[in-house]
Amino acid sequence: MYTDVTGVILVGGKSIRMGENKALMKLGSKTVIERMVDIVRPLFSNIILISNTPEEYKFLQLPVFEDVYKYRGPLAGIHSALLHSKTEKNFIISCDIPLMSGEMINYLITYKTGKPVTICEAAGYTQPLAGVYNKSILSKAEKFLIDHEIENSDKPENEKKKCRMHSFLDTIEVEMLHPENLDFYSDDLFFNMNSPEDYEKILNTNWD
């Protein structure tokens, strides 16, 4: 179990495409967020959640922190995670990825690199929402969020542009891993559950 790495779950935003709070949808006998906690609990002595509706997750009995910069997308969640974490190294994962495995998490954490972010190019996409993030990028993330806030300051909340993760990652050093040749790898590890169709597909997994 890692004591020097914090496990962080980004519980997500409004789930507009799903039409309801995906974190509280059931996969078998448990909710998505319970499944995510089950994935990270054996690995980390410190686990935190990032959510703007913390009261919904009191039943998990874990620390929950809100975004400082609300409605700004996943970068705002990562910023809040780094701000509230007590460790330099953090494994951050979105609850959109409920098929992630402990083996893949270990691979990301133990990969030797001097870069502050370690993520994968997998399943045909860059996967920034399952990776290792060092606290050293906190000030850069904050500046990026503030700069975008200024750009959108004259717009109502529902019209503001979210801060794109890929744009931010272009401004920092990133270790990009290609795990497709690992024995335990499958594209399903990074399956992103965003829509009702995704949910129906993932329900076919044997959960119980």
# chains A, B, ... in the order shown; residues from 1 in each chain; ligands from 1
call {"tool": "select_by_dssp", "arguments": {"residues": "segment 1-194 of chain A", "states": "strand (DSSP E or B)", "output": "mmCIF file with all heavy atoms, in the first residue's frame"}}
result
data_model
loop_
_atom_site.group_PDB
_atom_site.id
_atom_site.type_symbol
_atom_site.label_atom_id
_atom_site.label_comp_id
_atom_site.auth_asym_id
_atom_site.auth_seq_id
_atom_site.Cartn_x
_atom_site.Cartn_y
_atom_site.Cartn_z
ATOM 1 N N TYR A 2 0.511 2.213 -0.847
ATOM 2 C CA TYR A 2 1.282 3.448 -0.950
ATOM 3 C C TYR A 2 0.892 4.413 0.167
ATOM 4 O O TYR A 2 -0.281 4.752 0.330
ATOM 5 C CB TYR A 2 1.036 4.125 -2.296
ATOM 6 C CG TYR A 2 1.504 3.330 -3.484
ATOM 7 C CD1 TYR A 2 0.609 2.597 -4.251
ATOM 8 C CD2 TYR A 2 2.851 3.295 -3.829
ATOM 9 C CE1 TYR A 2 1.032 1.854 -5.344
ATOM 10 C CE2 TYR A 2 3.294 2.557 -4.925
ATOM 11 C CZ TYR A 2 2.379 1.836 -5.674
ATOM 12 O OH TYR A 2 2.810 1.109 -6.753
ATOM 13 N N THR A 3 1.900 4.850 0.916
ATOM 14 C CA THR A 3 1.667 5.865 1.933
ATOM 15 C C THR A 3 2.144 7.240 1.473
ATOM 16 O O THR A 3 1.778 8.256 2.070
ATOM 17 C CB THR A 3 2.405 5.500 3.240
ATOM 18 O OG1 THR A 3 3.815 5.371 2.961
ATOM 19 C CG2 THR A 3 1.881 4.192 3.810
ATOM 20 N N ASP A 4 2.965 7.252 0.406
ATOM 21 C CA ASP A 4 3.524 8.501 -0.100
ATOM 22 C C ASP A 4 2.822 8.973 -1.381
ATOM 23 O O ASP A 4 3.284 9.897 -2.049
ATOM 24 C CB ASP A 4 5.019 8.353 -0.353
ATOM 25 C CG ASP A 4 5.340 7.248 -1.358
ATOM 26 O OD1 ASP A 4 4.469 6.380 -1.591
ATOM 27 O OD2 ASP A 4 6.457 7.252 -1.904
ATOM 28 N N VAL A 5 1.740 8.319 -1.738
ATOM 29 C CA VAL A 5 0.942 8.702 -2.906
ATOM 30 C C VAL A 5 -0.521 8.759 -2.458
ATOM 31 O O VAL A 5 -1.010 7.836 -1.817
ATOM 32 C CB VAL A 5 1.080 7.691 -4.065
ATOM 33 C CG1 VAL A 5 0.300 8.187 -5.287
ATOM 34 C CG2 VAL A 5 2.531 7.428 -4.412
ATOM 35 N N THR A 6 -1.192 9.842 -2.790
ATOM 36 C CA THR A 6 -2.612 9.956 -2.485
ATOM 37 C C THR A 6 -3.437 9.443 -3.656
ATOM 38 O O THR A 6 -3.140 9.752 -4.812
ATOM 39 C CB THR A 6 -2.995 11.417 -2.192
ATOM 40 O OG1 THR A 6 -2.261 11.865 -1.051
ATOM 41 C CG2 THR A 6 -4.485 11.566 -1.916
ATOM 42 N N GLY A 7 -4.457 8.662 -3.357
ATOM 43 C CA GLY A 7 -5.407 8.233 -4.372
ATOM 44 C C GLY A 7 -6.561 9.221 -4.439
ATOM 45 O O GLY A 7 -7.183 9.520 -3.420
ATOM 46 N N VAL A 8 -6.800 9.744 -5.624
ATOM 47 C CA VAL A 8 -7.829 10.773 -5.803
ATOM 48 C C VAL A 8 -8.851 10.299 -6.830
ATOM 49 O O VAL A 8 -8.483 9.871 -7.928
ATOM 50 C CB VAL A 8 -7.216 12.102 -6.293
ATOM 51 C CG1 VAL A 8 -8.312 13.165 -6.447
ATOM 52 C CG2 VAL A 8 -6.111 12.574 -5.363
ATOM 53 N N ILE A 9 -10.137 10.395 -6.475
ATOM 54 C CA ILE A 9 -11.208 10.096 -7.423
ATOM 55 C C ILE A 9 -11.929 11.388 -7.758
ATOM 56 O O ILE A 9 -12.449 12.070 -6.866
ATOM 57 C CB ILE A 9 -12.207 9.074 -6.857
ATOM 58 C CG1 ILE A 9 -11.495 7.786 -6.441
ATOM 59 C CG2 ILE A 9 -13.295 8.765 -7.899
ATOM 60 C CD1 ILE A 9 -12.391 6.793 -5.719
ATOM 61 N N LEU A 10 -11.941 11.733 -9.045
ATOM 62 C CA LEU A 10 -12.730 12.867 -9.511
ATOM 63 C C LEU A 10 -14.149 12.375 -9.746
ATOM 64 O O LEU A 10 -14.395 11.586 -10.658
ATOM 65 C CB LEU A 10 -12.147 13.430 -10.813
ATOM 66 C CG LEU A 10 -10.675 13.854 -10.795
ATOM 67 C CD1 LEU A 10 -10.275 14.399 -12.169
ATOM 68 C CD2 LEU A 10 -10.399 14.888 -9.714
ATOM 69 N N VAL A 11 -15.058 12.817 -8.910
ATOM 70 C CA VAL A 11 -16.414 12.266 -8.966
ATOM 71 C C VAL A 11 -17.201 12.842 -10.129
ATOM 72 O O VAL A 11 -18.163 12.252 -10.590
ATOM 73 C CB VAL A 11 -17.145 12.469 -7.628
ATOM 74 C CG1 VAL A 11 -18.502 11.818 -7.653
ATOM 75 C CG2 VAL A 11 -16.315 11.868 -6.489
ATOM 76 N N GLY A 12 -16.778 13.961 -10.651
ATOM 77 C CA GLY A 12 -17.376 14.427 -11.893
ATOM 78 C C GLY A 12 -18.295 15.605 -11.724
ATOM 79 O O GLY A 12 -18.529 16.102 -10.626
ATOM 80 N N LYS A 26 -25.927 2.287 -10.574
ATOM 81 C CA LYS A 26 -25.554 0.964 -10.081
ATOM 82 C C LYS A 26 -24.844 0.134 -11.153
ATOM 83 O O LYS A 26 -25.249 0.094 -12.316
ATOM 84 C CB LYS A 26 -26.796 0.207 -9.602
ATOM 85 C CG LYS A 26 -27.342 0.657 -8.255
ATOM 86 C CD LYS A 26 -26.384 0.250 -7.140
ATOM 87 C CE LYS A 26 -26.979 0.466 -5.757
ATOM 88 N NZ LYS A 26 -27.974 -0.554 -5.403
ATOM 89 N N LEU A 27 -23.782 -0.530 -10.731
ATOM 90 C CA LEU A 27 -23.130 -1.582 -11.500
ATOM 91 C C LEU A 27 -23.187 -2.820 -10.622
ATOM 92 O O LEU A 27 -22.412 -2.959 -9.681
ATOM 93 C CB LEU A 27 -21.684 -1.209 -11.833
ATOM 94 C CG LEU A 27 -21.486 -0.017 -12.770
ATOM 95 C CD1 LEU A 27 -20.010 0.315 -12.909
ATOM 96 C CD2 LEU A 27 -22.102 -0.294 -14.143
ATOM 97 N N LYS A 30 -23.456 -2.428 -6.415
ATOM 98 C CA LYS A 30 -22.797 -1.227 -5.915
ATOM 99 C C LYS A 30 -22.908 -0.089 -6.914
ATOM 100 O O LYS A 30 -23.081 -0.308 -8.119
ATOM 101 C CB LYS A 30 -21.316 -1.509 -5.617
ATOM 102 C CG LYS A 30 -21.088 -2.534 -4.510
ATOM 103 C CD LYS A 30 -19.597 -2.675 -4.215
ATOM 104 C CE LYS A 30 -19.348 -3.680 -3.101
ATOM 105 N NZ LYS A 30 -17.901 -3.792 -2.783
ATOM 106 N N THR A 31 -22.746 1.124 -6.401
ATOM 107 C CA THR A 31 -22.718 2.286 -7.282
ATOM 108 C C THR A 31 -21.354 2.394 -7.955
ATOM 109 O O THR A 31 -20.370 1.770 -7.522
ATOM 110 C CB THR A 31 -22.980 3.581 -6.493
ATOM 111 O OG1 THR A 31 -21.959 3.723 -5.494
ATOM 112 C CG2 THR A 31 -24.351 3.554 -5.829
ATOM 113 N N PHE A 44 -3.917 2.640 -1.591
ATOM 114 C CA PHE A 44 -3.532 3.920 -1.002
ATOM 115 C C PHE A 44 -4.019 4.034 0.438
ATOM 116 O O PHE A 44 -5.184 3.746 0.730
ATOM 117 C CB PHE A 44 -4.119 5.077 -1.814
ATOM 118 C CG PHE A 44 -3.740 5.045 -3.271
ATOM 119 C CD1 PHE A 44 -4.646 4.603 -4.227
ATOM 120 C CD2 PHE A 44 -2.481 5.425 -3.684
ATOM 121 C CE1 PHE A 44 -4.307 4.554 -5.562
ATOM 122 C CE2 PHE A 44 -2.123 5.383 -5.015
ATOM 123 C CZ PHE A 44 -3.033 4.946 -5.964
ATOM 124 N N SER A 45 -3.141 4.496 1.308
ATOM 125 C CA SER A 45 -3.560 4.742 2.695
ATOM 126 C C SER A 45 -4.340 6.041 2.805
ATOM 127 O O SER A 45 -5.107 6.232 3.755
ATOM 128 C CB SER A 45 -2.341 4.776 3.622
ATOM 129 O OG SER A 45 -1.429 5.784 3.221
ATOM 130 N N ASN A 46 -4.124 6.947 1.839
ATOM 131 C CA ASN A 46 -4.856 8.223 1.814
ATOM 132 C C ASN A 46 -5.667 8.313 0.529
ATOM 133 O O ASN A 46 -5.110 8.244 -0.572
ATOM 134 C CB ASN A 46 -3.898 9.410 1.895
ATOM 135 C CG ASN A 46 -3.139 9.437 3.200
ATOM 136 O OD1 ASN A 46 -3.730 9.476 4.267
ATOM 137 N ND2 ASN A 46 -1.813 9.402 3.120
ATOM 138 N N ILE A 47 -6.989 8.477 0.676
ATOM 139 C CA ILE A 47 -7.890 8.588 -0.464
ATOM 140 C C ILE A 47 -8.764 9.813 -0.259
ATOM 141 O O ILE A 47 -9.302 10.034 0.831
ATOM 142 C CB ILE A 47 -8.784 7.347 -0.608
ATOM 143 C CG1 ILE A 47 -7.940 6.082 -0.825
ATOM 144 C CG2 ILE A 47 -9.779 7.518 -1.764
ATOM 145 C CD1 ILE A 47 -8.725 4.798 -0.724
ATOM 146 N N ILE A 48 -8.908 10.629 -1.305
ATOM 147 C CA ILE A 48 -9.815 11.775 -1.244
ATOM 148 C C ILE A 48 -10.692 11.784 -2.490
ATOM 149 O O ILE A 48 -10.331 11.237 -3.535
ATOM 150 C CB ILE A 48 -9.072 13.122 -1.100
ATOM 151 C CG1 ILE A 48 -8.187 13.403 -2.321
ATOM 152 C CG2 ILE A 48 -8.260 13.156 0.184
ATOM 153 C CD1 ILE A 48 -7.522 14.786 -2.273
ATOM 154 N N LEU A 49 -11.846 12.419 -2.355
ATOM 155 C CA LEU A 49 -12.758 12.603 -3.472
ATOM 156 C C LEU A 49 -12.833 14.090 -3.804
ATOM 157 O O LEU A 49 -12.721 14.934 -2.918
ATOM 158 C CB LEU A 49 -14.164 12.102 -3.130
ATOM 159 C CG LEU A 49 -14.318 10.686 -2.561
ATOM 160 C CD1 LEU A 49 -15.798 10.400 -2.311
ATOM 161 C CD2 LEU A 49 -13.714 9.661 -3.484
ATOM 162 N N ILE A 50 -13.055 14.382 -5.083
ATOM 163 C CA ILE A 50 -13.271 15.757 -5.513
ATOM 164 C C ILE A 50 -14.671 15.832 -6.126
ATOM 165 O O ILE A 50 -14.965 15.157 -7.114
ATOM 166 C CB ILE A 50 -12.225 16.210 -6.551
ATOM 167 C CG1 ILE A 50 -10.803 16.002 -6.018
ATOM 168 C CG2 ILE A 50 -12.450 17.672 -6.934
ATOM 169 C CD1 ILE A 50 -10.465 16.791 -4.775
ATOM 170 N N SER A 51 -15.538 16.631 -5.512
ATOM 171 C CA SER A 51 -16.910 16.758 -5.983
ATOM 172 C C SER A 51 -17.481 18.102 -5.536
ATOM 173 O O SER A 51 -17.177 18.572 -4.434
ATOM 174 C CB SER A 51 -17.786 15.631 -5.428
ATOM 175 O OG SER A 51 -19.150 15.869 -5.721
ATOM 176 N N VAL A 64 -13.985 14.776 1.209
ATOM 177 C CA VAL A 64 -14.473 15.272 -0.077
ATOM 178 C C VAL A 64 -14.185 16.774 -0.156
ATOM 179 O O VAL A 64 -14.517 17.521 0.761
ATOM 180 C CB VAL A 64 -15.986 15.034 -0.256
ATOM 181 C CG1 VAL A 64 -16.416 15.426 -1.669
ATOM 182 C CG2 VAL A 64 -16.354 13.580 0.030
ATOM 183 N N PHE A 65 -13.581 17.187 -1.275
ATOM 184 C CA PHE A 65 -13.242 18.592 -1.471
ATOM 185 C C PHE A 65 -13.886 19.099 -2.761
ATOM 186 O O PHE A 65 -13.952 18.370 -3.754
ATOM 187 C CB PHE A 65 -11.731 18.786 -1.537
ATOM 188 C CG PHE A 65 -11.015 18.344 -0.295
ATOM 189 C CD1 PHE A 65 -10.395 17.108 -0.239
ATOM 190 C CD2 PHE A 65 -10.974 19.167 0.826
ATOM 191 C CE1 PHE A 65 -9.740 16.683 0.914
ATOM 192 C CE2 PHE A 65 -10.317 18.759 1.974
ATOM 193 C CZ PHE A 65 -9.713 17.518 2.024
ATOM 194 N N LYS A 89 3.120 13.255 -4.653
ATOM 195 C CA LYS A 89 2.709 12.402 -5.752
ATOM 196 C C LYS A 89 1.257 11.978 -5.551
ATOM 197 O O LYS A 89 0.850 11.625 -4.444
ATOM 198 C CB LYS A 89 3.623 11.166 -5.794
ATOM 199 C CG LYS A 89 3.668 10.424 -7.116
ATOM 200 C CD LYS A 89 4.787 9.374 -7.052
ATOM 201 C CE LYS A 89 4.913 8.613 -8.347
ATOM 202 N NZ LYS A 89 6.003 7.602 -8.278
ATOM 203 N N ASN A 90 0.481 12.016 -6.631
ATOM 204 C CA ASN A 90 -0.941 11.723 -6.533
ATOM 205 C C ASN A 90 -1.400 10.916 -7.739
ATOM 206 O O ASN A 90 -1.066 11.265 -8.876
ATOM 207 C CB ASN A 90 -1.737 13.021 -6.475
ATOM 208 C CG ASN A 90 -1.291 13.916 -5.338
ATOM 209 O OD1 ASN A 90 -1.758 13.786 -4.224
ATOM 210 N ND2 ASN A 90 -0.352 14.816 -5.619
ATOM 211 N N PHE A 91 -2.151 9.858 -7.468
ATOM 212 C CA PHE A 91 -2.780 9.142 -8.577
ATOM 213 C C PHE A 91 -4.210 9.639 -8.679
ATOM 214 O O PHE A 91 -5.007 9.492 -7.753
ATOM 215 C CB PHE A 91 -2.764 7.633 -8.391
ATOM 216 C CG PHE A 91 -3.442 6.925 -9.543
ATOM 217 C CD1 PHE A 91 -2.769 6.748 -10.736
ATOM 218 C CD2 PHE A 91 -4.762 6.510 -9.444
ATOM 219 C CE1 PHE A 91 -3.390 6.161 -11.825
ATOM 220 C CE2 PHE A 91 -5.396 5.905 -10.524
ATOM 221 C CZ PHE A 91 -4.715 5.733 -11.721
ATOM 222 N N ILE A 92 -4.540 10.229 -9.828
ATOM 223 C CA ILE A 92 -5.845 10.843 -10.027
ATOM 224 C C ILE A 92 -6.603 10.075 -11.097
ATOM 225 O O ILE A 92 -6.088 9.833 -12.192
ATOM 226 C CB ILE A 92 -5.699 12.321 -10.422
ATOM 227 C CG1 ILE A 92 -4.972 13.081 -9.302
ATOM 228 C CG2 ILE A 92 -7.068 12.946 -10.701
ATOM 229 C CD1 ILE A 92 -4.724 14.552 -9.603
ATOM 230 N N ILE A 93 -7.855 9.699 -10.769
ATOM 231 C CA ILE A 93 -8.674 8.952 -11.715
ATOM 232 C C ILE A 93 -10.099 9.473 -11.682
ATOM 233 O O ILE A 93 -10.623 9.843 -10.628
ATOM 234 C CB ILE A 93 -8.639 7.433 -11.421
ATOM 235 C CG1 ILE A 93 -9.377 6.652 -12.511
ATOM 236 C CG2 ILE A 93 -9.193 7.120 -10.032
ATOM 237 C CD1 ILE A 93 -9.125 5.159 -12.476
ATOM 238 N N SER A 94 -10.720 9.509 -12.842
ATOM 239 C CA SER A 94 -12.114 9.918 -12.940
ATOM 240 C C SER A 94 -13.020 8.715 -12.697
ATOM 241 O O SER A 94 -12.690 7.578 -13.069
ATOM 242 C CB SER A 94 -12.375 10.490 -14.340
ATOM 243 O OG SER A 94 -13.758 10.594 -14.583
ATOM 244 N N VAL A 117 4.043 14.652 -14.680
ATOM 245 C CA VAL A 117 2.786 13.985 -15.018
ATOM 246 C C VAL A 117 3.093 12.720 -15.802
ATOM 247 O O VAL A 117 3.919 12.744 -16.723
ATOM 248 C CB VAL A 117 1.866 14.915 -15.847
ATOM 249 C CG1 VAL A 117 0.623 14.165 -16.328
ATOM 250 C CG2 VAL A 117 1.455 16.129 -15.030
ATOM 251 N N THR A 118 2.432 11.628 -15.423
ATOM 252 C CA THR A 118 2.567 10.366 -16.149
ATOM 253 C C THR A 118 1.178 9.866 -16.509
ATOM 254 O O THR A 118 0.354 9.600 -15.625
ATOM 255 C CB THR A 118 3.280 9.295 -15.305
ATOM 256 O OG1 THR A 118 4.557 9.783 -14.892
ATOM 257 C CG2 THR A 118 3.474 8.015 -16.111
ATOM 258 N N ILE A 119 0.914 9.771 -17.817
ATOM 259 C CA ILE A 119 -0.376 9.281 -18.292
ATOM 260 C C ILE A 119 -0.144 8.335 -19.459
ATOM 261 O O ILE A 119 0.998 8.132 -19.882
ATOM 262 C CB ILE A 119 -1.310 10.432 -18.715
ATOM 263 C CG1 ILE A 119 -0.655 11.279 -19.816
ATOM 264 C CG2 ILE A 119 -1.700 11.279 -17.511
ATOM 265 C CD1 ILE A 119 -1.564 12.387 -20.357
ATOM 266 N N CYS A 120 -1.224 7.767 -19.979
ATOM 267 C CA CYS A 120 -1.113 6.810 -21.083
ATOM 268 C C CYS A 120 -1.731 7.329 -22.368
ATOM 269 O O CYS A 120 -2.694 8.107 -22.347
ATOM 270 C CB CYS A 120 -1.830 5.504 -20.716
ATOM 271 S SG CYS A 120 -0.995 4.510 -19.467
ATOM 272 N N GLU A 121 -1.173 6.859 -23.466
ATOM 273 C CA GLU A 121 -1.827 6.901 -24.762
ATOM 274 C C GLU A 121 -2.375 5.489 -24.944
ATOM 275 O O GLU A 121 -1.618 4.539 -25.113
ATOM 276 C CB GLU A 121 -0.825 7.246 -25.859
ATOM 277 C CG GLU A 121 -1.438 7.394 -27.234
ATOM 278 C CD GLU A 121 -2.061 8.757 -27.461
ATOM 279 O OE1 GLU A 121 -1.603 9.726 -26.830
ATOM 280 O OE2 GLU A 121 -3.005 8.836 -28.248
ATOM 281 N N ALA A 122 -3.696 5.337 -24.865
ATOM 282 C CA ALA A 122 -4.282 3.994 -24.825
ATOM 283 C C ALA A 122 -5.691 4.020 -25.394
ATOM 284 O O ALA A 122 -6.381 5.040 -25.325
ATOM 285 C CB ALA A 122 -4.306 3.473 -23.390
ATOM 286 N N TYR A 125 -6.668 6.960 -27.585
ATOM 287 C CA TYR A 125 -6.757 8.336 -27.090
ATOM 288 C C TYR A 125 -5.693 8.613 -26.039
ATOM 289 O O TYR A 125 -5.205 7.698 -25.373
ATOM 290 C CB TYR A 125 -8.129 8.607 -26.446
ATOM 291 C CG TYR A 125 -9.295 8.458 -27.389
ATOM 292 C CD1 TYR A 125 -9.988 7.255 -27.470
ATOM 293 C CD2 TYR A 125 -9.701 9.524 -28.193
ATOM 294 C CE1 TYR A 125 -11.067 7.111 -28.336
ATOM 295 C CE2 TYR A 125 -10.773 9.393 -29.057
ATOM 296 C CZ TYR A 125 -11.457 8.187 -29.130
ATOM 297 O OH TYR A 125 -12.515 8.047 -29.995
ATOM 298 N N THR A 126 -5.369 9.897 -25.860
ATOM 299 C CA THR A 126 -4.629 10.320 -24.672
ATOM 300 C C THR A 126 -5.574 10.205 -23.484
ATOM 301 O O THR A 126 -6.740 10.602 -23.563
ATOM 302 C CB THR A 126 -4.142 11.767 -24.822
ATOM 303 O OG1 THR A 126 -3.281 11.838 -25.964
ATOM 304 C CG2 THR A 126 -3.382 12.225 -23.585
ATOM 305 N N GLN A 127 -5.073 9.665 -22.363
ATOM 306 C CA GLN A 127 -5.925 9.362 -21.207
ATOM 307 C C GLN A 127 -5.464 10.168 -19.987
ATOM 308 O O GLN A 127 -4.817 9.637 -19.087
ATOM 309 C CB GLN A 127 -5.877 7.860 -20.903
ATOM 310 C CG GLN A 127 -6.271 6.958 -22.057
ATOM 311 C CD GLN A 127 -7.774 6.951 -22.305
ATOM 312 O OE1 GLN A 127 -8.550 7.481 -21.527
ATOM 313 N NE2 GLN A 127 -8.188 6.333 -23.401
ATOM 314 N N PRO A 128 -5.814 11.459 -19.928
ATOM 315 C CA PRO A 128 -5.314 12.290 -18.828
ATOM 316 C C PRO A 128 -6.028 12.068 -17.496
ATOM 317 O O PRO A 128 -5.565 12.548 -16.464
ATOM 318 C CB PRO A 128 -5.561 13.715 -19.334
ATOM 319 C CG PRO A 128 -6.758 13.582 -20.217
ATOM 320 C CD PRO A 128 -6.620 12.237 -20.884
ATOM 321 N N LEU A 129 -7.153 11.342 -17.507
ATOM 322 C CA LEU A 129 -7.939 11.200 -16.282
ATOM 323 C C LEU A 129 -7.712 9.866 -15.580
ATOM 324 O O LEU A 129 -8.566 9.373 -14.840
ATOM 325 C CB LEU A 129 -9.419 11.428 -16.581
ATOM 326 C CG LEU A 129 -9.729 12.820 -17.124
ATOM 327 C CD1 LEU A 129 -11.222 13.014 -17.277
ATOM 328 C CD2 LEU A 129 -9.140 13.922 -16.245
ATOM 329 N N ALA A 130 -6.541 9.308 -15.811
ATOM 330 C CA ALA A 130 -6.052 8.170 -15.031
ATOM 331 C C ALA A 130 -4.537 8.267 -15.073
ATOM 332 O O ALA A 130 -3.891 7.708 -15.951
ATOM 333 C CB ALA A 130 -6.528 6.836 -15.601
ATOM 334 N N GLY A 131 -3.978 9.022 -14.136
ATOM 335 C CA GLY A 131 -2.539 9.237 -14.204
ATOM 336 C C GLY A 131 -1.954 9.781 -12.925
ATOM 337 O O GLY A 131 -2.666 10.059 -11.954
ATOM 338 N N VAL A 132 -0.653 9.929 -12.947
ATOM 339 C CA VAL A 132 0.099 10.411 -11.787
ATOM 340 C C VAL A 132 0.410 11.889 -11.987
ATOM 341 O O VAL A 132 0.959 12.292 -13.020
ATOM 342 C CB VAL A 132 1.407 9.614 -11.613
ATOM 343 C CG1 VAL A 132 2.187 10.141 -10.415
ATOM 344 C CG2 VAL A 132 1.103 8.125 -11.438
ATOM 345 N N TYR A 133 0.053 12.684 -10.975
ATOM 346 C CA TYR A 133 0.243 14.135 -11.032
ATOM 347 C C TYR A 133 1.004 14.600 -9.793
ATOM 348 O O TYR A 133 0.610 14.298 -8.671
ATOM 349 C CB TYR A 133 -1.109 14.856 -11.094
ATOM 350 C CG TYR A 133 -1.809 14.709 -12.423
ATOM 351 C CD1 TYR A 133 -2.509 13.553 -12.738
ATOM 352 C CD2 TYR A 133 -1.751 15.726 -13.376
ATOM 353 C CE1 TYR A 133 -3.147 13.402 -13.962
ATOM 354 C CE2 TYR A 133 -2.387 15.592 -14.608
ATOM 355 C CZ TYR A 133 -3.084 14.428 -14.893
ATOM 356 O OH TYR A 133 -3.715 14.281 -16.116
ATOM 357 N N ASN A 134 2.077 15.336 -10.040
ATOM 358 C CA ASN A 134 2.886 15.852 -8.940
ATOM 359 C C ASN A 134 2.403 17.237 -8.530
ATOM 360 O O ASN A 134 1.979 18.043 -9.362
ATOM 361 C CB ASN A 134 4.358 15.909 -9.370
ATOM 362 C CG ASN A 134 5.290 16.081 -8.204
ATOM 363 O OD1 ASN A 134 5.398 17.166 -7.643
ATOM 364 N ND2 ASN A 134 5.978 15.017 -7.828
ATOM 365 N N VAL A 174 5.153 16.021 -19.825
ATOM 366 C CA VAL A 174 4.311 14.851 -19.594
ATOM 367 C C VAL A 174 5.033 13.596 -20.067
ATOM 368 O O VAL A 174 5.570 13.561 -21.178
ATOM 369 C CB VAL A 174 2.963 14.981 -20.344
ATOM 370 C CG1 VAL A 174 2.133 13.709 -20.206
ATOM 371 C CG2 VAL A 174 2.182 16.191 -19.832
ATOM 372 N N GLU A 175 5.047 12.584 -19.213
ATOM 373 C CA GLU A 175 5.552 11.255 -19.607
ATOM 374 C C GLU A 175 4.373 10.491 -20.186
ATOM 375 O O GLU A 175 3.420 10.157 -19.480
ATOM 376 C CB GLU A 175 6.112 10.518 -18.399
ATOM 377 C CG GLU A 175 6.842 9.227 -18.742
ATOM 378 C CD GLU A 175 8.171 9.474 -19.431
ATOM 379 O OE1 GLU A 175 9.044 10.129 -18.834
ATOM 380 O OE2 GLU A 175 8.319 9.006 -20.596
ATOM 381 N N MET A 176 4.448 10.195 -21.493
ATOM 382 C CA MET A 176 3.350 9.508 -22.158
ATOM 383 C C MET A 176 3.701 8.035 -22.349
ATOM 384 O O MET A 176 4.633 7.694 -23.075
ATOM 385 C CB MET A 176 3.068 10.154 -23.515
ATOM 386 C CG MET A 176 1.798 9.663 -24.172
ATOM 387 S SD MET A 176 0.313 10.242 -23.330
ATOM 388 C CE MET A 176 0.366 12.007 -23.715
ATOM 389 N N LEU A 177 2.965 7.167 -21.681
ATOM 390 C CA LEU A 177 3.224 5.732 -21.754
ATOM 391 C C LEU A 177 2.318 5.077 -22.792
ATOM 392 O O LEU A 177 1.208 5.529 -23.046
ATOM 393 C CB LEU A 177 2.983 5.087 -20.381
ATOM 394 C CG LEU A 177 3.726 5.710 -19.191
ATOM 395 C CD1 LEU A 177 3.497 4.879 -17.934
ATOM 396 C CD2 LEU A 177 5.216 5.850 -19.484
#
call {"tool": "closest_atom_pairs", "arguments": {"of": "segment 56-147 of chain A", "to": "segment 33-40 of chain A", "cutoff": "10 Å", "atoms": "only C-alpha atoms", "output": "Markdown table"}}
result
| residue | atom | partner | partner_atom | distance |
| --- | --- | --- | --- | --- |
| A:Tyr57 | CA | A:Ile33 | CA | 8.7 |
| A:Phe59 | CA | A:Glu34 | CA | 9.9 |
| A:Leu60 | CA | A:Glu34 | CA | 7.7 |
| A:Leu62 | CA | A:Val37 | CA | 9.6 |
| A:Phe91 | CA | A:Val40 | CA | 9.3 |
| A:Ile93 | CA | A:Met36 | CA | 8.8 |
| A:Ser94 | CA | A:Met36 | CA | 8.7 |
| A:Cys95 | CA | A:Ile33 | CA | 6.3 |
| A:Asp96 | CA | A:Met36 | CA | 9.2 |
| A:Ile97 | CA | A:Met36 | CA | 8.2 |
| A:Pro98 | CA | A:Met36 | CA | 6.0 |
| A:Leu99 | CA | A:Met36 | CA | 8.6 |
| A:Met100 | CA | A:Ile39 | CA | 7.5 |
| A:Ser101 | CA | A:Ile39 | CA | 6.8 |
| A:Gly102 | CA | A:Ile39 | CA | 6.5 |
| A:Ile105 | CA | A:Val40 | CA | 8.6 |
call {"tool": "select_by_dssp", "arguments": {"residues": "segment 37-120 of chain A", "states": "alpha helix (DSSP H)", "output": "PyMOL selection string"}}
result
chain A and resi 37-40+74-84+102-110
call {"tool": "residues_around", "arguments": {"residues": "Leu138 of chain A", "least_positions_apart": "3", "cutoff": "9 Å", "atoms": "only C-alpha atoms", "output": "PyMOL selection string"}}
result
chain A and resi 78-80+82-83+134-135+141-143
call {"tool": "atom_distance", "arguments": {"atom1": "atom CA of Ser85 of chain A", "atom2": "atom CA of Ile137 of chain A"}}
result
12.9 Å
call {"tool": "atom_distance", "arguments": {"atom1": "atom CA of Glu88 of chain A", "atom2": "atom CA of Glu180 of chain A"}}
result
28.0 Å
call {"tool": "residues_around", "arguments": {"residues": "Asp198 of chain A", "least_positions_apart": "2", "cutoff": "12 Å", "atoms": "only C-alpha atoms", "output": "list in words"}}
result
Arg17, Met18, Lys22, Asp96, Ile97, Pro98, Asp188, Phe191, Asn192, Met193, Asn194, Ser195, Pro196, Glu200, Lys201, Ile202, Leu203, Asn204 and Thr205 of chain A
